[in-house]
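So this one's model.tsv, TSV, C-alpha atoms:
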```tsv
chain	number	residue	atom	x	y	z
A	1	MET	CA	-87.80	22.43	-16.00
A	2	SER	CA	-86.27	19.55	-14.11
A	3	GLY	CA	-82.52	19.23	-13.81
A	4	THR	CA	-82.28	16.39	-16.34
A	5	TYR	CA	-79.70	16.85	-19.06
A	6	ILE	CA	-80.45	15.89	-22.64
A	7	PRO	CA	-77.47	15.47	-24.98
A	8	ARG	CA	-77.30	17.92	-27.90
A	9	GLU	CA	-77.89	15.20	-30.51
A	10	ASN	CA	-81.13	14.20	-28.77
A	11	ILE	CA	-82.25	17.82	-28.52
A	12	LEU	CA	-81.65	18.31	-32.24
A	13	SER	CA	-83.55	15.13	-33.03
A	14	LEU	CA	-86.52	16.14	-30.87
A	15	LEU	CA	-86.61	19.65	-32.31
A	16	SER	CA	-86.33	18.38	-35.88
A	17	ALA	CA	-89.15	15.86	-35.50
A	18	GLY	CA	-91.64	18.14	-33.73
A	19	PRO	CA	-93.44	19.84	-36.63
A	20	GLU	CA	-93.84	16.59	-38.60
A	21	ARG	CA	-95.13	14.81	-35.51
A	22	ILE	CA	-97.80	17.49	-35.08
A	23	ALA	CA	-98.69	17.31	-38.78
A	24	VAL	CA	-99.17	13.53	-38.58
A	25	LEU	CA	-101.34	13.79	-35.46
A	26	MET	CA	-103.59	16.39	-37.10
A	27	THR	CA	-103.75	14.82	-40.58
A	28	GLY	CA	-107.21	14.75	-42.10
A	29	LEU	CA	-108.83	17.16	-39.66
A	30	SER	CA	-110.79	20.08	-41.06
A	31	GLU	CA	-109.96	23.65	-40.14
A	32	VAL	CA	-113.20	23.80	-38.14
A	33	LYS	CA	-112.20	20.74	-36.10
A	34	LEU	CA	-108.72	22.14	-35.51
A	35	HIS	CA	-110.38	25.09	-33.79
A	36	LEU	CA	-112.55	22.90	-31.51
A	37	ALA	CA	-111.59	22.50	-27.87
A	38	PRO	CA	-112.38	19.16	-26.22
A	39	ALA	CA	-113.98	20.90	-23.23
A	40	LYS	CA	-114.55	24.33	-21.78
A	41	GLY	CA	-111.26	25.75	-20.57
A	42	GLU	CA	-109.16	23.37	-22.69
A	43	TRP	CA	-107.19	24.33	-25.77
A	44	SER	CA	-107.96	23.51	-29.37
A	45	ALA	CA	-105.24	22.24	-31.71
A	46	ILE	CA	-104.70	25.76	-33.10
A	47	GLU	CA	-104.34	27.12	-29.56
A	48	VAL	CA	-101.73	24.49	-28.68
A	49	LEU	CA	-99.87	25.27	-31.90
A	50	ALA	CA	-100.09	29.00	-31.14
A	51	HIS	CA	-98.58	28.29	-27.74
A	52	LEU	CA	-95.75	26.25	-29.25
A	53	ARG	CA	-95.06	28.93	-31.86
A	54	SER	CA	-94.91	31.53	-29.10
A	55	CYS	CA	-92.49	29.43	-27.07
A	56	ALA	CA	-90.36	28.95	-30.18
A	57	ASP	CA	-90.41	32.71	-30.79
A	58	VAL	CA	-89.44	33.56	-27.23
A	59	TRP	CA	-86.90	30.83	-26.46
A	60	GLY	CA	-85.52	30.74	-30.00
A	61	GLY	CA	-85.12	34.50	-29.73
A	62	CYS	CA	-83.16	34.03	-26.52
A	63	ILE	CA	-80.85	31.58	-28.29
A	64	ALA	CA	-80.31	34.03	-31.16
A	65	GLU	CA	-79.58	36.91	-28.79
A	66	ILE	CA	-77.12	34.85	-26.74
A	67	LEU	CA	-75.27	33.89	-29.91
A	68	ALA	CA	-75.27	37.44	-31.28
A	69	THR	CA	-74.17	39.21	-28.11
A	70	ASP	CA	-71.47	38.49	-25.57
A	71	HIS	CA	-73.34	37.55	-22.37
A	72	PRO	CA	-76.48	39.68	-22.85
A	73	THR	CA	-79.02	40.56	-20.21
A	74	LEU	CA	-82.42	39.30	-21.35
A	75	ARG	CA	-85.81	40.26	-20.00
A	76	ALA	CA	-87.98	37.23	-19.29
A	77	VAL	CA	-91.01	37.00	-21.57
A	78	ASN	CA	-93.95	34.74	-20.80
A	79	PRO	CA	-94.83	32.76	-23.96
A	80	VAL	CA	-98.53	32.72	-22.96
A	81	THR	CA	-98.54	36.53	-22.91
A	82	TRP	CA	-96.61	36.58	-26.18
A	83	ALA	CA	-99.19	34.24	-27.76
A	84	ARG	CA	-102.00	36.66	-26.92
A	85	ARG	CA	-100.11	39.49	-28.63
A	86	THR	CA	-99.36	37.55	-31.81
A	87	GLY	CA	-102.87	36.43	-32.76
A	88	TYR	CA	-101.45	33.01	-33.70
A	89	HIS	CA	-104.54	31.34	-32.22
A	90	SER	CA	-106.79	32.90	-34.87
A	91	LEU	CA	-104.70	31.81	-37.87
A	92	ASP	CA	-105.32	28.97	-40.30
A	93	PHE	CA	-103.78	25.82	-38.78
A	94	GLY	CA	-102.04	24.67	-41.98
A	95	LEU	CA	-100.41	28.04	-42.59
A	96	SER	CA	-99.42	28.37	-38.95
A	97	LEU	CA	-97.88	24.88	-38.97
A	98	GLN	CA	-95.98	25.71	-42.17
A	99	VAL	CA	-94.50	28.87	-40.63
A	100	TYR	CA	-93.68	26.98	-37.44
A	101	SER	CA	-91.98	24.24	-39.50
A	102	GLU	CA	-89.90	26.76	-41.44
A	103	GLN	CA	-88.90	28.52	-38.23
A	104	ARG	CA	-87.86	25.15	-36.79
A	105	VAL	CA	-85.70	24.28	-39.81
A	106	HIS	CA	-83.79	27.55	-39.33
A	107	LEU	CA	-83.32	26.95	-35.59
A	108	VAL	CA	-82.11	23.39	-36.07
A	109	GLU	CA	-79.71	24.49	-38.83
A	110	LEU	CA	-78.34	27.17	-36.51
A	111	LEU	CA	-77.93	24.72	-33.62
A	112	HIS	CA	-76.25	22.13	-35.87
A	113	ARG	CA	-73.54	24.65	-36.75
A	114	LEU	CA	-72.64	25.37	-33.12
A	115	ASN	CA	-69.57	24.01	-31.42
A	116	GLU	CA	-69.54	22.97	-27.78
A	117	ALA	CA	-68.45	26.42	-26.58
A	118	ASP	CA	-71.37	28.04	-28.43
A	119	TRP	CA	-73.85	25.70	-26.72
A	120	LEU	CA	-72.47	26.97	-23.40
A	121	ARG	CA	-72.75	30.69	-24.24
A	122	SER	CA	-75.05	32.29	-21.70
A	123	ALA	CA	-77.13	35.27	-20.67
A	124	THR	CA	-78.46	36.76	-17.48
A	125	VAL	CA	-82.25	36.63	-17.46
A	126	VAL	CA	-84.09	39.26	-15.41
A	127	GLY	CA	-87.68	40.19	-14.79
A	128	ALA	CA	-89.02	36.96	-13.28
A	129	GLY	CA	-87.65	36.97	-9.76
A	130	LYS	CA	-83.96	36.73	-9.00
A	131	PRO	CA	-81.64	36.96	-12.03
A	132	LEU	CA	-80.87	33.60	-13.65
A	133	GLU	CA	-78.01	32.38	-15.82
A	134	ARG	CA	-79.27	30.51	-18.89
A	135	ASP	CA	-77.26	29.11	-21.78
A	136	VAL	CA	-78.06	28.02	-25.33
A	137	HIS	CA	-78.24	24.38	-24.24
A	138	PHE	CA	-80.79	25.26	-21.56
A	139	TYR	CA	-83.11	27.04	-24.01
A	140	ALA	CA	-82.83	24.37	-26.71
A	141	GLN	CA	-83.47	21.61	-24.17
A	142	TRP	CA	-86.33	23.55	-22.59
A	143	LEU	CA	-87.97	23.99	-25.98
A	144	ALA	CA	-87.58	20.30	-26.89
A	145	LYS	CA	-88.87	19.00	-23.55
A	146	HIS	CA	-91.72	21.47	-23.44
A	147	GLU	CA	-92.94	20.55	-26.91
A	148	ARG	CA	-92.75	16.87	-26.13
A	149	SER	CA	-95.17	17.47	-23.26
A	150	HIS	CA	-97.78	18.83	-25.70
A	151	TYR	CA	-97.82	15.89	-28.15
A	152	LYS	CA	-100.16	13.94	-25.85
A	153	GLN	CA	-102.42	16.99	-25.83
A	154	PHE	CA	-102.51	17.05	-29.65
A	155	ARG	CA	-103.33	13.32	-29.67
A	156	GLN	CA	-106.19	13.82	-27.19
A	157	ILE	CA	-107.59	16.72	-29.21
A	158	ALA	CA	-107.39	14.72	-32.43
A	159	ASN	CA	-109.17	11.76	-30.82
A	160	PHE	CA	-111.88	14.05	-29.49
A	161	VAL	CA	-112.56	15.96	-32.70
A	162	ARG	CA	-112.52	12.81	-34.84
A	163	LYS	CA	-115.49	11.59	-32.79
A	164	GLN	CA	-117.44	14.78	-33.48
A	165	ALA	CA	-120.06	14.61	-36.24
```

How would this structure read if it were set down as C-alpha cells?
Amino acid sequence: MSGTYIPRENILSLLSAGPERIAVLMTGLSEVKLHLAPAKGEWSAIEVLAHLRSCADVWGGCIAEILATDHPTLRAVNPVTWARRTGYHSLDFGLSLQVYSEQRVHLVELLHRLNEADWLRSATVVGAGKPLERDVHFYAQWLAKHERSHYKQFRQIANFVRKQA
C-alpha cells in the first residue's frame, strides 16, 4: 500500500459504501452469470467477492485483535490463501454478499466507536519478512483502498456477463 493517508471519516465512508456499491453493480445478474469469468485466468464476480470477504476476515481480524490485546504479535495471513480455505468462491453470491454486508456493518460500528488513541493502537506483524508495526488505522485504510481497487473489476465483469446470451 502506498504511503498516502486517508482520514478516518473517509475510511468509514468507503467501508460503509462498499457492499451496497457491489450490490448495485451486480443487480439483475443471475447466479450463473455471477460465476462466469470474463476470460481464462480472470475472476468471476463470486471470486472477487470471495477475495474481498477473505481480506475483510483477515484484516478485520487484525483490527479486532489489536483492540482486544495490548500490542499483540500477529502472524501475517495471505487473504488469497485464506480464500481457498474458506470455500467462499463456491457460495451463492447473494448469500455471500449478505454475510459480507453484515460483517461490514459490525466493523464500521466498531470503528465508529473508537477514539483517536484506539485508531493508533498497534501490533507487530511477523511471518512475511522483517517484522512490521501496523495499527488499526493502517488496516482499516488498507481494507478501504484495496476494496476500491476491485470496483472497476466488478464493473468489467458485469459488462461482460450482461453481453452473454

Contact residues around Glu31 in chain A with all atoms listed in the file at 9 Å, ignoring same-chain residues under 4 positions, as a list in words: His35, Asp92, Phe93 and Gly94 of chain A

At a cut-off of 12 Å, using all atoms listed in the file, what residues contact Leu107 in chain A? Leave out same-chain residues fewer than 4 positions from it and give the result as a PDB file with C-alpha atoms, keeping the file's coordinate frame.
```
ATOM      1  CA  ILE A  11     -82.250  17.820 -28.520  1.00  0.00           C
ATOM      2  CA  LEU A  12     -81.650  18.310 -32.240  1.00  0.00           C
ATOM      3  CA  LEU A  15     -86.610  19.650 -32.310  1.00  0.00           C
ATOM      4  CA  SER A  16     -86.330  18.380 -35.880  1.00  0.00           C
ATOM      5  CA  ALA A  56     -90.360  28.950 -30.180  1.00  0.00           C
ATOM      6  CA  ASP A  57     -90.410  32.710 -30.790  1.00  0.00           C
ATOM      7  CA  TRP A  59     -86.900  30.830 -26.460  1.00  0.00           C
ATOM      8  CA  GLY A  60     -85.520  30.740 -30.000  1.00  0.00           C
ATOM      9  CA  GLY A  61     -85.120  34.500 -29.730  1.00  0.00           C
ATOM     10  CA  CYS A  62     -83.160  34.030 -26.520  1.00  0.00           C
ATOM     11  CA  ILE A  63     -80.850  31.580 -28.290  1.00  0.00           C
ATOM     12  CA  ALA A  64     -80.310  34.030 -31.160  1.00  0.00           C
ATOM     13  CA  TYR A 100     -93.680  26.980 -37.440  1.00  0.00           C
ATOM     14  CA  SER A 101     -91.980  24.240 -39.500  1.00  0.00           C
ATOM     15  CA  GLU A 102     -89.900  26.760 -41.440  1.00  0.00           C
ATOM     16  CA  GLN A 103     -88.900  28.520 -38.230  1.00  0.00           C
ATOM     17  CA  LEU A 111     -77.930  24.720 -33.620  1.00  0.00           C
ATOM     18  CA  HIS A 112     -76.250  22.130 -35.870  1.00  0.00           C
ATOM     19  CA  ARG A 113     -73.540  24.650 -36.750  1.00  0.00           C
ATOM     20  CA  LEU A 114     -72.640  25.370 -33.120  1.00  0.00           C
ATOM     21  CA  VAL A 136     -78.060  28.020 -25.330  1.00  0.00           C
ATOM     22  CA  TYR A 139     -83.110  27.040 -24.010  1.00  0.00           C
ATOM     23  CA  ALA A 140     -82.830  24.370 -26.710  1.00  0.00           C
ATOM     24  CA  LEU A 143     -87.970  23.990 -25.980  1.00  0.00           C
ATOM     25  CA  ALA A 144     -87.580  20.300 -26.890  1.00  0.00           C
TER      26      ALA A 144
END
```

Restricting the calculation to all atoms listed in the file: of A:Ile66, A:Val77, A:Leu97, A:Val161, which residue gets closest to Leu120 in chain A? A:Ile66

CA of Leu91 in chain A to CA of Leu34 in chain A, straight-line distance in Å: 10.7 Å

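Computed from the coordinates, the CA of His146 in chain A to CA of Val48 in chain A distance equals 11.7 Å.
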
Tell me, as an MDAnalysis selection string, which residues lie within 10 Å of His71 in chain A, counting only C-alpha atoms; anything in the same chain fewer than 4 positions away does not count. chainID A and resid 65:67 121:124 133:135

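The coordinates place CA of His89 in chain A at 5.1 Å from CA of Ala50 in chain A.
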
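With all atoms listed in the file as the atoms that count, the residue of A:His137, A:Ser96, A:Pro131, A:Thr81 with the shortest distance to Ala117 in chain A is A:His137.
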
Show me as number ranges by chain the residues that reach within 12 Å of (-103.0, 11.2, -37.4), counting all atoms listed in the file and using the file's own coordinates. A: 20-29, 151, 154-159, 161-162

Taking (-121.6, 23.4, -35.5) in the file's coordinates as the center, which residues reach within 10 Å of it, counting all atoms listed in the file, put as a PyMOL selection string? chain A and resi 32-33+36+164-165

Using all atoms listed in the file, can you tell me which of A:Glu9, A:Lys145, A:Val125, A:Lys130 comes closest to Leu74 in chain A?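 Once distances to Leu74 in chain A are computed over all atoms listed in the file, the minimum belongs to A:Val125.
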
Have range 91-112 of chain A completed to N, CA and C atoms, please, and pass it along as a CSV table (one decimal), keeping the file's coordinate frame.
```
chain,number,residue,atom,x,y,z
A,91,LEU,N,-105.2,32.1,-36.5
A,91,LEU,CA,-104.7,31.8,-37.9
A,91,LEU,C,-105.2,30.4,-38.4
A,92,ASP,N,-105.1,30.3,-39.7
A,92,ASP,CA,-105.3,29.0,-40.3
A,92,ASP,C,-104.3,28.0,-39.8
A,93,PHE,N,-104.7,26.8,-39.4
A,93,PHE,CA,-103.8,25.8,-38.8
A,93,PHE,C,-102.7,25.4,-39.7
A,94,GLY,N,-103.0,25.1,-41.0
A,94,GLY,CA,-102.0,24.7,-42.0
A,94,GLY,C,-101.0,25.7,-42.2
A,95,LEU,N,-101.4,27.0,-42.4
A,95,LEU,CA,-100.4,28.0,-42.6
A,95,LEU,C,-99.5,28.2,-41.4
A,96,SER,N,-100.2,28.2,-40.2
A,96,SER,CA,-99.4,28.4,-39.0
A,96,SER,C,-98.4,27.2,-38.8
A,97,LEU,N,-98.8,26.0,-39.1
A,97,LEU,CA,-97.9,24.9,-39.0
A,97,LEU,C,-96.7,25.0,-40.0
A,98,GLN,N,-97.0,25.5,-41.2
A,98,GLN,CA,-96.0,25.7,-42.2
A,98,GLN,C,-95.0,26.7,-41.7
A,99,VAL,N,-95.4,27.8,-41.1
A,99,VAL,CA,-94.5,28.9,-40.6
A,99,VAL,C,-93.7,28.3,-39.5
A,100,TYR,N,-94.3,27.6,-38.6
A,100,TYR,CA,-93.7,27.0,-37.4
A,100,TYR,C,-92.6,26.0,-37.9
A,101,SER,N,-92.9,25.2,-38.9
A,101,SER,CA,-92.0,24.2,-39.5
A,101,SER,C,-90.8,24.9,-40.1
A,102,GLU,N,-91.0,26.0,-40.8
A,102,GLU,CA,-89.9,26.8,-41.4
A,102,GLU,C,-89.0,27.4,-40.4
A,103,GLN,N,-89.6,27.9,-39.3
A,103,GLN,CA,-88.9,28.5,-38.2
A,103,GLN,C,-88.0,27.4,-37.6
A,104,ARG,N,-88.6,26.2,-37.4
A,104,ARG,CA,-87.9,25.2,-36.8
A,104,ARG,C,-86.7,24.7,-37.6
A,105,VAL,N,-86.8,24.6,-38.9
A,105,VAL,CA,-85.7,24.3,-39.8
A,105,VAL,C,-84.5,25.3,-39.6
A,106,HIS,N,-84.8,26.5,-39.5
A,106,HIS,CA,-83.8,27.6,-39.3
A,106,HIS,C,-83.1,27.4,-38.0
A,107,LEU,N,-83.9,27.1,-36.9
A,107,LEU,CA,-83.3,27.0,-35.6
A,107,LEU,C,-82.4,25.7,-35.6
A,108,VAL,N,-82.9,24.6,-36.1
A,108,VAL,CA,-82.1,23.4,-36.1
A,108,VAL,C,-80.8,23.6,-36.9
A,109,GLU,N,-80.9,24.2,-38.0
A,109,GLU,CA,-79.7,24.5,-38.8
A,109,GLU,C,-78.7,25.3,-38.0
A,110,LEU,N,-79.2,26.3,-37.3
A,110,LEU,CA,-78.3,27.2,-36.5
A,110,LEU,C,-77.7,26.3,-35.4
A,111,LEU,N,-78.5,25.5,-34.7
A,111,LEU,CA,-77.9,24.7,-33.6
A,111,LEU,C,-76.9,23.7,-34.1
A,112,HIS,N,-77.2,23.1,-35.3
A,112,HIS,CA,-76.2,22.1,-35.9
A,112,HIS,C,-74.9,22.7,-36.1
```
